[in-house]
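Worksheet: the structure to be examined is printed underneath.
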Amino acid sequence: SIDRRNTLSPELKELIDTPIDKIGFSARVLNICLRVNIDTIADLVSYSRHDFSALRDMGEKSFNEVETYLKSKGLTWKMKF
């Protein structure tokens with residue numbers, strides 16, 4: 001099988017490997033992510049929109065913070081790498 005990461009641009013590889021604590025998310029979002037072992041952007045975008053929004057303590061404001069970030073980077077939910 002072909003590793004999909006090999007087909008990604010260097011910029012996208014670097015982005016998806018970014019540690020979640022280096023993005024500048026609020027403490028609430030960061031704590032929610034770390035509690036469920038979301039350590040990198042790749043971990044984050046592997047979630048579906050529904051599953052991420054259903055995480056414990058995830059309110060609308062926190063969810064919108066993450067979704068705004070993803071959109072700003074051209075990323076979507078349920079991406080596979």
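Naming scheme: A, B, ... for chains in displayed order of the structure tokens; residues 1 onward per chain; ligands 1 onward as shown.
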Near Ile38 in chain A, within 12 Å and counting only C-alpha atoms, which residues show up once chain neighbours fewer than 3 positions away are dropped, as a PyMOL selection string?
chain A and resi 16-21+29-35+41-47+52+55
Keeping only N, CA, C and O atoms, write the selected residues as a PDB file, in the first residue's frame.
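File written: selection19.pdb
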ATOM      1  N   ILE A  16       0.029  19.266   9.189  1.00  0.00           N
ATOM      2  CA  ILE A  16      -0.692  18.202   9.885  1.00  0.00           C
ATOM      3  C   ILE A  16       0.118  17.583  11.015  1.00  0.00           C
ATOM      4  O   ILE A  16      -0.444  16.972  11.916  1.00  0.00           O
ATOM      5  N   ASP A  17       1.427  17.763  10.971  1.00  0.00           N
ATOM      6  CA  ASP A  17       2.274  17.259  12.058  1.00  0.00           C
ATOM      7  C   ASP A  17       2.458  18.282  13.181  1.00  0.00           C
ATOM      8  O   ASP A  17       3.141  18.000  14.169  1.00  0.00           O
ATOM      9  N   THR A  18       1.848  19.453  13.047  1.00  0.00           N
ATOM     10  CA  THR A  18       1.970  20.498  14.059  1.00  0.00           C
ATOM     11  C   THR A  18       1.339  20.037  15.370  1.00  0.00           C
ATOM     12  O   THR A  18       0.185  19.594  15.378  1.00  0.00           O
ATOM     13  N   PRO A  19       2.065  20.142  16.474  1.00  0.00           N
ATOM     14  CA  PRO A  19       1.481  19.795  17.773  1.00  0.00           C
ATOM     15  C   PRO A  19       0.313  20.727  18.102  1.00  0.00           C
ATOM     16  O   PRO A  19       0.368  21.926  17.830  1.00  0.00           O
ATOM     17  N   ILE A  20      -0.720  20.170  18.647  1.00  0.00           N
ATOM     18  CA  ILE A  20      -1.938  20.917  18.945  1.00  0.00           C
ATOM     19  C   ILE A  20      -1.670  22.072  19.919  1.00  0.00           C
ATOM     20  O   ILE A  20      -2.325  23.104  19.846  1.00  0.00           O
ATOM     21  N   ASP A  21      -0.665  21.920  20.771  1.00  0.00           N
ATOM     22  CA  ASP A  21      -0.390  22.977  21.750  1.00  0.00           C
ATOM     23  C   ASP A  21       0.434  24.122  21.160  1.00  0.00           C
ATOM     24  O   ASP A  21       0.744  25.082  21.857  1.00  0.00           O
ATOM     25  N   VAL A  29     -10.102  24.485  24.741  1.00  0.00           N
ATOM     26  CA  VAL A  29      -9.965  23.623  23.563  1.00  0.00           C
ATOM     27  C   VAL A  29      -8.741  22.729  23.706  1.00  0.00           C
ATOM     28  O   VAL A  29      -8.808  21.529  23.440  1.00  0.00           O
ATOM     29  N   LEU A  30      -7.650  23.296  24.140  1.00  0.00           N
ATOM     30  CA  LEU A  30      -6.424  22.517  24.307  1.00  0.00           C
ATOM     31  C   LEU A  30      -6.634  21.385  25.311  1.00  0.00           C
ATOM     32  O   LEU A  30      -6.263  20.235  25.049  1.00  0.00           O
ATOM     33  N   ASN A  31      -7.258  21.660  26.426  1.00  0.00           N
ATOM     34  CA  ASN A  31      -7.504  20.630  27.438  1.00  0.00           C
ATOM     35  C   ASN A  31      -8.427  19.536  26.924  1.00  0.00           C
ATOM     36  O   ASN A  31      -8.199  18.352  27.189  1.00  0.00           O
ATOM     37  N   ILE A  32      -9.464  19.913  26.187  1.00  0.00           N
ATOM     38  CA  ILE A  32     -10.381  18.916  25.616  1.00  0.00           C
ATOM     39  C   ILE A  32      -9.611  18.002  24.664  1.00  0.00           C
ATOM     40  O   ILE A  32      -9.737  16.779  24.720  1.00  0.00           O
ATOM     41  N   CYS A  33      -8.807  18.598  23.801  1.00  0.00           N
ATOM     42  CA  CYS A  33      -8.044  17.817  22.829  1.00  0.00           C
ATOM     43  C   CYS A  33      -7.054  16.880  23.512  1.00  0.00           C
ATOM     44  O   CYS A  33      -6.991  15.689  23.185  1.00  0.00           O
ATOM     45  N   LEU A  34      -6.299  17.406  24.438  1.00  0.00           N
ATOM     46  CA  LEU A  34      -5.283  16.580  25.094  1.00  0.00           C
ATOM     47  C   LEU A  34      -5.909  15.453  25.914  1.00  0.00           C
ATOM     48  O   LEU A  34      -5.346  14.365  25.996  1.00  0.00           O
ATOM     49  N   ARG A  35      -7.090  15.694  26.464  1.00  0.00           N
ATOM     50  CA  ARG A  35      -7.766  14.665  27.258  1.00  0.00           C
ATOM     51  C   ARG A  35      -8.120  13.436  26.413  1.00  0.00           C
ATOM     52  O   ARG A  35      -8.155  12.316  26.909  1.00  0.00           O
ATOM     53  N   ILE A  41      -2.426  18.149  14.488  1.00  0.00           N
ATOM     54  CA  ILE A  41      -3.509  18.517  13.584  1.00  0.00           C
ATOM     55  C   ILE A  41      -4.049  17.274  12.868  1.00  0.00           C
ATOM     56  O   ILE A  41      -5.248  17.146  12.653  1.00  0.00           O
ATOM     57  N   ALA A  42      -3.175  16.348  12.513  1.00  0.00           N
ATOM     58  CA  ALA A  42      -3.632  15.108  11.857  1.00  0.00           C
ATOM     59  C   ALA A  42      -4.613  14.356  12.758  1.00  0.00           C
ATOM     60  O   ALA A  42      -5.618  13.829  12.283  1.00  0.00           O
ATOM     61  N   ASP A  43      -4.331  14.322  14.057  1.00  0.00           N
ATOM     62  CA  ASP A  43      -5.250  13.677  15.000  1.00  0.00           C
ATOM     63  C   ASP A  43      -6.590  14.410  15.016  1.00  0.00           C
ATOM     64  O   ASP A  43      -7.654  13.792  15.043  1.00  0.00           O
ATOM     65  N   LEU A  44      -6.519  15.731  15.004  1.00  0.00           N
ATOM     66  CA  LEU A  44      -7.728  16.552  15.076  1.00  0.00           C
ATOM     67  C   LEU A  44      -8.627  16.333  13.867  1.00  0.00           C
ATOM     68  O   LEU A  44      -9.823  16.084  14.013  1.00  0.00           O
ATOM     69  N   VAL A  45      -8.054  16.404  12.677  1.00  0.00           N
ATOM     70  CA  VAL A  45      -8.890  16.302  11.475  1.00  0.00           C
ATOM     71  C   VAL A  45      -9.333  14.873  11.178  1.00  0.00           C
ATOM     72  O   VAL A  45     -10.151  14.663  10.287  1.00  0.00           O
ATOM     73  N   SER A  46      -8.842  13.909  11.933  1.00  0.00           N
ATOM     74  CA  SER A  46      -9.325  12.534  11.743  1.00  0.00           C
ATOM     75  C   SER A  46     -10.721  12.356  12.353  1.00  0.00           C
ATOM     76  O   SER A  46     -11.421  11.410  12.026  1.00  0.00           O
ATOM     77  N   TYR A  47     -11.111  13.285  13.218  1.00  0.00           N
ATOM     78  CA  TYR A  47     -12.442  13.243  13.823  1.00  0.00           C
ATOM     79  C   TYR A  47     -13.502  13.702  12.824  1.00  0.00           C
ATOM     80  O   TYR A  47     -13.220  14.531  11.964  1.00  0.00           O
ATOM     81  N   PHE A  52     -16.367  15.242  17.092  1.00  0.00           N
ATOM     82  CA  PHE A  52     -15.583  16.260  17.786  1.00  0.00           C
ATOM     83  C   PHE A  52     -16.497  17.178  18.590  1.00  0.00           C
ATOM     84  O   PHE A  52     -16.207  17.499  19.740  1.00  0.00           O
ATOM     85  N   LEU A  55     -17.572  15.885  22.092  1.00  0.00           N
ATOM     86  CA  LEU A  55     -16.623  15.638  23.178  1.00  0.00           C
ATOM     87  C   LEU A  55     -17.055  16.364  24.440  1.00  0.00           C
ATOM     88  O   LEU A  55     -17.640  17.456  24.372  1.00  0.00           O
TER      89      LEU A  55
END
Just asking: which residues within chain A are alpha helix (DSSP H) according to DSSP, as a VMD selection string?
chain A and resid 10 to 16 27 to 35 41 to 45 49 to 53 60 to 72
Taking N, CA and C atoms for each residue, export the selection above as a tab-separated table (two decimals), in the first residue's frame.
chain	number	residue	atom	x	y	z
A	10	PRO	N	5.09	19.36	1.05
A	10	PRO	CA	5.86	19.55	2.30
A	10	PRO	C	5.15	20.48	3.28
A	11	GLU	N	4.47	21.48	2.75
A	11	GLU	CA	3.76	22.43	3.61
A	11	GLU	C	2.62	21.74	4.36
A	12	LEU	N	1.86	20.89	3.65
A	12	LEU	CA	0.75	20.20	4.29
A	12	LEU	C	1.26	19.17	5.29
A	13	LYS	N	2.34	18.48	4.96
A	13	LYS	CA	2.94	17.53	5.92
A	13	LYS	C	3.32	18.25	7.21
A	14	GLU	N	3.95	19.41	7.05
A	14	GLU	CA	4.36	20.17	8.24
A	14	GLU	C	3.15	20.62	9.03
A	15	LEU	N	2.10	21.08	8.34
A	15	LEU	CA	0.89	21.55	9.02
A	15	LEU	C	0.22	20.43	9.81
A	16	ILE	N	0.03	19.27	9.19
A	16	ILE	CA	-0.69	18.20	9.89
A	16	ILE	C	0.12	17.58	11.01
A	27	ALA	N	-7.31	27.62	26.24
A	27	ALA	CA	-7.00	26.58	27.23
A	27	ALA	C	-8.08	25.50	27.23
A	28	ARG	N	-9.33	25.90	27.10
A	28	ARG	CA	-10.43	24.92	27.11
A	28	ARG	C	-10.29	23.95	25.94
A	29	VAL	N	-10.10	24.48	24.74
A	29	VAL	CA	-9.97	23.62	23.56
A	29	VAL	C	-8.74	22.73	23.71
A	30	LEU	N	-7.65	23.30	24.14
A	30	LEU	CA	-6.42	22.52	24.31
A	30	LEU	C	-6.63	21.38	25.31
A	31	ASN	N	-7.26	21.66	26.43
A	31	ASN	CA	-7.50	20.63	27.44
A	31	ASN	C	-8.43	19.54	26.92
A	32	ILE	N	-9.46	19.91	26.19
A	32	ILE	CA	-10.38	18.92	25.62
A	32	ILE	C	-9.61	18.00	24.66
A	33	CYS	N	-8.81	18.60	23.80
A	33	CYS	CA	-8.04	17.82	22.83
A	33	CYS	C	-7.05	16.88	23.51
A	34	LEU	N	-6.30	17.41	24.44
A	34	LEU	CA	-5.28	16.58	25.09
A	34	LEU	C	-5.91	15.45	25.91
A	35	ARG	N	-7.09	15.69	26.46
A	35	ARG	CA	-7.77	14.66	27.26
A	35	ARG	C	-8.12	13.44	26.41
A	41	ILE	N	-2.43	18.15	14.49
A	41	ILE	CA	-3.51	18.52	13.58
A	41	ILE	C	-4.05	17.27	12.87
A	42	ALA	N	-3.18	16.35	12.51
A	42	ALA	CA	-3.63	15.11	11.86
A	42	ALA	C	-4.61	14.36	12.76
A	43	ASP	N	-4.33	14.32	14.06
A	43	ASP	CA	-5.25	13.68	15.00
A	43	ASP	C	-6.59	14.41	15.02
A	44	LEU	N	-6.52	15.73	15.00
A	44	LEU	CA	-7.73	16.55	15.08
A	44	LEU	C	-8.63	16.33	13.87
A	45	VAL	N	-8.05	16.40	12.68
A	45	VAL	CA	-8.89	16.30	11.48
A	45	VAL	C	-9.33	14.87	11.18
A	49	ARG	N	-16.97	15.84	12.23
A	49	ARG	CA	-17.51	17.08	12.82
A	49	ARG	C	-18.40	16.73	14.01
A	50	HIS	N	-19.26	15.75	13.84
A	50	HIS	CA	-20.19	15.35	14.89
A	50	HIS	C	-19.47	14.81	16.12
A	51	ASP	N	-18.51	13.89	15.90
A	51	ASP	CA	-17.81	13.28	17.03
A	51	ASP	C	-16.99	14.31	17.81
A	52	PHE	N	-16.37	15.24	17.09
A	52	PHE	CA	-15.58	16.26	17.79
A	52	PHE	C	-16.50	17.18	18.59
A	53	SER	N	-17.61	17.57	18.00
A	53	SER	CA	-18.52	18.49	18.70
A	53	SER	C	-19.17	17.83	19.91
A	60	GLU	N	-20.32	25.39	21.98
A	60	GLU	CA	-20.40	25.97	20.65
A	60	GLU	C	-19.23	26.91	20.36
A	61	LYS	N	-18.87	27.73	21.33
A	61	LYS	CA	-17.78	28.69	21.13
A	61	LYS	C	-16.45	27.96	20.90
A	62	SER	N	-16.18	26.92	21.68
A	62	SER	CA	-14.94	26.15	21.52
A	62	SER	C	-14.93	25.43	20.18
A	63	PHE	N	-16.06	24.84	19.83
A	63	PHE	CA	-16.16	24.13	18.55
A	63	PHE	C	-15.91	25.10	17.40
A	64	ASN	N	-16.54	26.28	17.47
A	64	ASN	CA	-16.37	27.27	16.40
A	64	ASN	C	-14.92	27.74	16.29
A	65	GLU	N	-14.23	27.82	17.41
A	65	GLU	CA	-12.82	28.20	17.41
A	65	GLU	C	-12.01	27.21	16.58
A	66	VAL	N	-12.26	25.93	16.78
A	66	VAL	CA	-11.52	24.89	16.05
A	66	VAL	C	-11.94	24.88	14.58
A	67	GLU	N	-13.22	24.96	14.33
A	67	GLU	CA	-13.69	24.90	12.95
A	67	GLU	C	-13.18	26.11	12.14
A	68	THR	N	-13.14	27.27	12.75
A	68	THR	CA	-12.61	28.46	12.09
A	68	THR	C	-11.14	28.26	11.74
A	69	TYR	N	-10.38	27.67	12.66
A	69	TYR	CA	-8.97	27.40	12.41
A	69	TYR	C	-8.82	26.44	11.22
A	70	LEU	N	-9.58	25.34	11.25
A	70	LEU	CA	-9.47	24.36	10.16
A	70	LEU	C	-9.78	25.00	8.81
A	71	LYS	N	-10.85	25.77	8.75
A	71	LYS	CA	-11.22	26.42	7.49
A	71	LYS	C	-10.13	27.37	7.03
A	72	SER	N	-9.51	28.08	7.97
A	72	SER	CA	-8.47	29.05	7.60
A	72	SER	C	-7.24	28.36	7.00
Could you tell me how far CA of Thr76 in chain A sits from CA of Ser48 in chain A, in Å to one decimal place?
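Taking CA of Ser48 in chain A and CA of Thr76 in chain A, their separation equals 8.9 Å.
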Quote the spacing between CA of Leu75 in chain A and CA of Lys22 in chain A in Å to one decimal place.
16.8 Å
